[in-house]
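File shown: coords-v8.cif (mmCIF, C-alpha atoms).
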data_data
#
loop_
_atom_site.label_atom_id
_atom_site.label_comp_id
_atom_site.auth_asym_id
_atom_site.auth_seq_id
_atom_site.Cartn_x
_atom_site.Cartn_y
_atom_site.Cartn_z
CA MET G 121 95.41 120.96 74.48
CA PRO G 122 93.16 123.04 76.75
CA VAL G 123 94.22 123.75 80.31
CA ILE G 124 92.00 122.25 82.99
CA ASP G 125 91.60 124.49 86.01
CA PHE G 126 91.68 122.02 88.91
CA THR G 127 91.55 123.34 92.45
CA ASN G 128 93.83 121.89 95.12
CA LYS G 129 90.80 120.09 96.51
CA ASP G 130 90.14 118.56 93.07
CA ILE G 131 93.74 117.37 92.84
CA LEU G 132 93.61 115.81 96.31
CA LEU G 133 90.37 114.03 95.46
CA ILE G 134 91.77 112.64 92.21
CA TYR G 135 95.04 111.64 93.86
CA GLY G 136 93.28 109.88 96.74
CA HIS G 137 90.87 108.10 94.43
CA PHE G 138 93.64 106.92 92.12
CA MET G 139 95.83 105.73 95.01
CA LYS G 140 92.87 103.76 96.37
CA LYS G 141 92.22 102.30 92.91
CA ILE G 142 95.87 101.22 92.58
CA LYS G 143 95.63 99.33 95.87
CA GLU G 144 92.37 97.67 94.80
CA LEU G 145 93.86 96.58 91.48
CA GLU G 146 96.98 95.24 93.17
CA LEU G 147 94.79 93.18 95.51
CA ILE G 148 92.85 91.79 92.57
CA LYS G 149 96.11 91.01 90.77
CA ALA G 150 97.39 89.09 93.81
CA THR G 151 94.17 87.08 94.17
CA PRO G 152 94.55 83.55 92.82
CA GLY G 153 92.09 82.72 90.07
CA ASN G 154 90.95 86.29 89.45
CA PRO G 155 89.10 86.58 86.14
CA ILE G 156 90.93 89.70 84.91
CA HIS G 157 93.88 89.13 82.58
CA PRO G 158 97.19 90.14 84.22
CA ASP G 159 98.11 92.38 81.28
CA THR G 160 94.88 94.33 81.69
CA LEU G 161 95.54 94.81 85.39
CA LYS G 162 99.11 95.91 84.68
CA GLN G 163 97.94 98.46 82.11
CA ASP G 164 95.39 99.89 84.54
CA ILE G 165 97.87 100.03 87.42
CA ASP G 166 100.45 101.68 85.15
CA LEU G 167 97.93 104.30 84.01
CA TYR G 168 96.84 105.23 87.54
CA SER G 169 100.48 105.19 88.71
CA SER G 170 101.53 107.47 85.86
CA ILE G 171 98.87 110.01 86.72
CA THR G 172 99.62 109.93 90.46
CA ALA G 173 103.35 110.35 89.69
CA LYS G 174 102.55 113.47 87.65
CA ILE G 175 100.46 114.85 90.50
CA GLU G 176 103.30 114.14 92.96
CA LYS G 177 105.79 115.85 90.67
CA SER G 178 103.68 119.00 90.40
CA ASN G 179 102.49 118.93 94.04
CA PRO G 180 105.14 117.17 96.19
CA GLU G 181 103.16 117.79 99.36
CA VAL G 182 100.62 115.10 98.35
CA ILE G 183 103.28 112.42 98.89
CA LYS G 184 102.62 112.80 102.62
CA LEU G 185 99.14 111.41 101.97
CA ARG G 186 100.56 108.04 100.96
CA GLU G 187 101.21 107.26 104.62
CA LEU G 188 97.56 107.88 105.43
CA MET G 189 96.23 105.58 102.74
#

Show how you would write the structure in this file as structure tokens.
Amino acid sequence: MPVIDFTNKDILLIYGHFMKKIKELELIKATPGNPIHPDTLKQDIDLYSSITAKIEKSNPEVIKLRELM
């Protein structure tokens, strides 16, 4: 698999966007009568969470950003 040359700024942007998306999906999941199937929401949340966990593992300093989000 090819290596993708992300800058620190790229990583922060992706991390922030994915953390925001997780929160949005969790709000949708908690909304009564939402039209999205719970399994679909869980899969999406799990995917974004998996990627953010990998970013946190390789760049532990981004965990501090969680408090700001």

Practice prompt. Could you check how far CA of Leu132 (chain G) sits from CA of Asp159 (chain G), in Å to one decimal?
Written response: 28.2 Å

I'd like the contact shell of region 177-179 of chain G - 10 Å cut-off, only C-alpha atoms, skipping same-chain residues fewer than 3 positions apart - returned as a PDB file with C-alpha atoms, in the frame of the given file.
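Output file result_22.pdb follows:
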ATOM      1  CA  ASN G 128      93.830 121.890  95.120  1.00  0.00           C
ATOM      2  CA  ILE G 131      93.740 117.370  92.840  1.00  0.00           C
ATOM      3  CA  LEU G 132      93.610 115.810  96.310  1.00  0.00           C
ATOM      4  CA  ILE G 171      98.870 110.010  86.720  1.00  0.00           C
ATOM      5  CA  THR G 172      99.620 109.930  90.460  1.00  0.00           C
ATOM      6  CA  ALA G 173     103.350 110.350  89.690  1.00  0.00           C
ATOM      7  CA  LYS G 174     102.550 113.470  87.650  1.00  0.00           C
ATOM      8  CA  VAL G 182     100.620 115.100  98.350  1.00  0.00           C
ATOM      9  CA  ILE G 183     103.280 112.420  98.890  1.00  0.00           C
TER      10      ILE G 183
END

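The space separating CA of Pro158 (chain G) from CA of Leu145 (chain G) comes to 10.3 Å.
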
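Minimum distance to Phe138 (chain G) across G:Val123, G:Ile156, G:Leu188, G:Ile175 (counting only C-alpha atoms) occurs at G:Ile175.
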
Box time for region 128-142 of chain G: axis-aligned, enclosing all its listed atoms, 4 Å extra on each side; report centre and edge lengths in Å to one decimal, as JSON.
{"center_x": 93.0, "center_y": 111.6, "center_z": 94.4, "size_x": 13.7, "size_y": 28.7, "size_z": 12.6}

Worksheet entry | Neighbours of point (94.0, 106.2, 90.5) within 10 Å, using only C-alpha atoms, written as a PyMOL selection string | chain G and resi 133-145+164-172

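Between CA of Lys162 (chain G) and CA of Lys149 (chain G) the interatomic distance comes to 8.4 Å.
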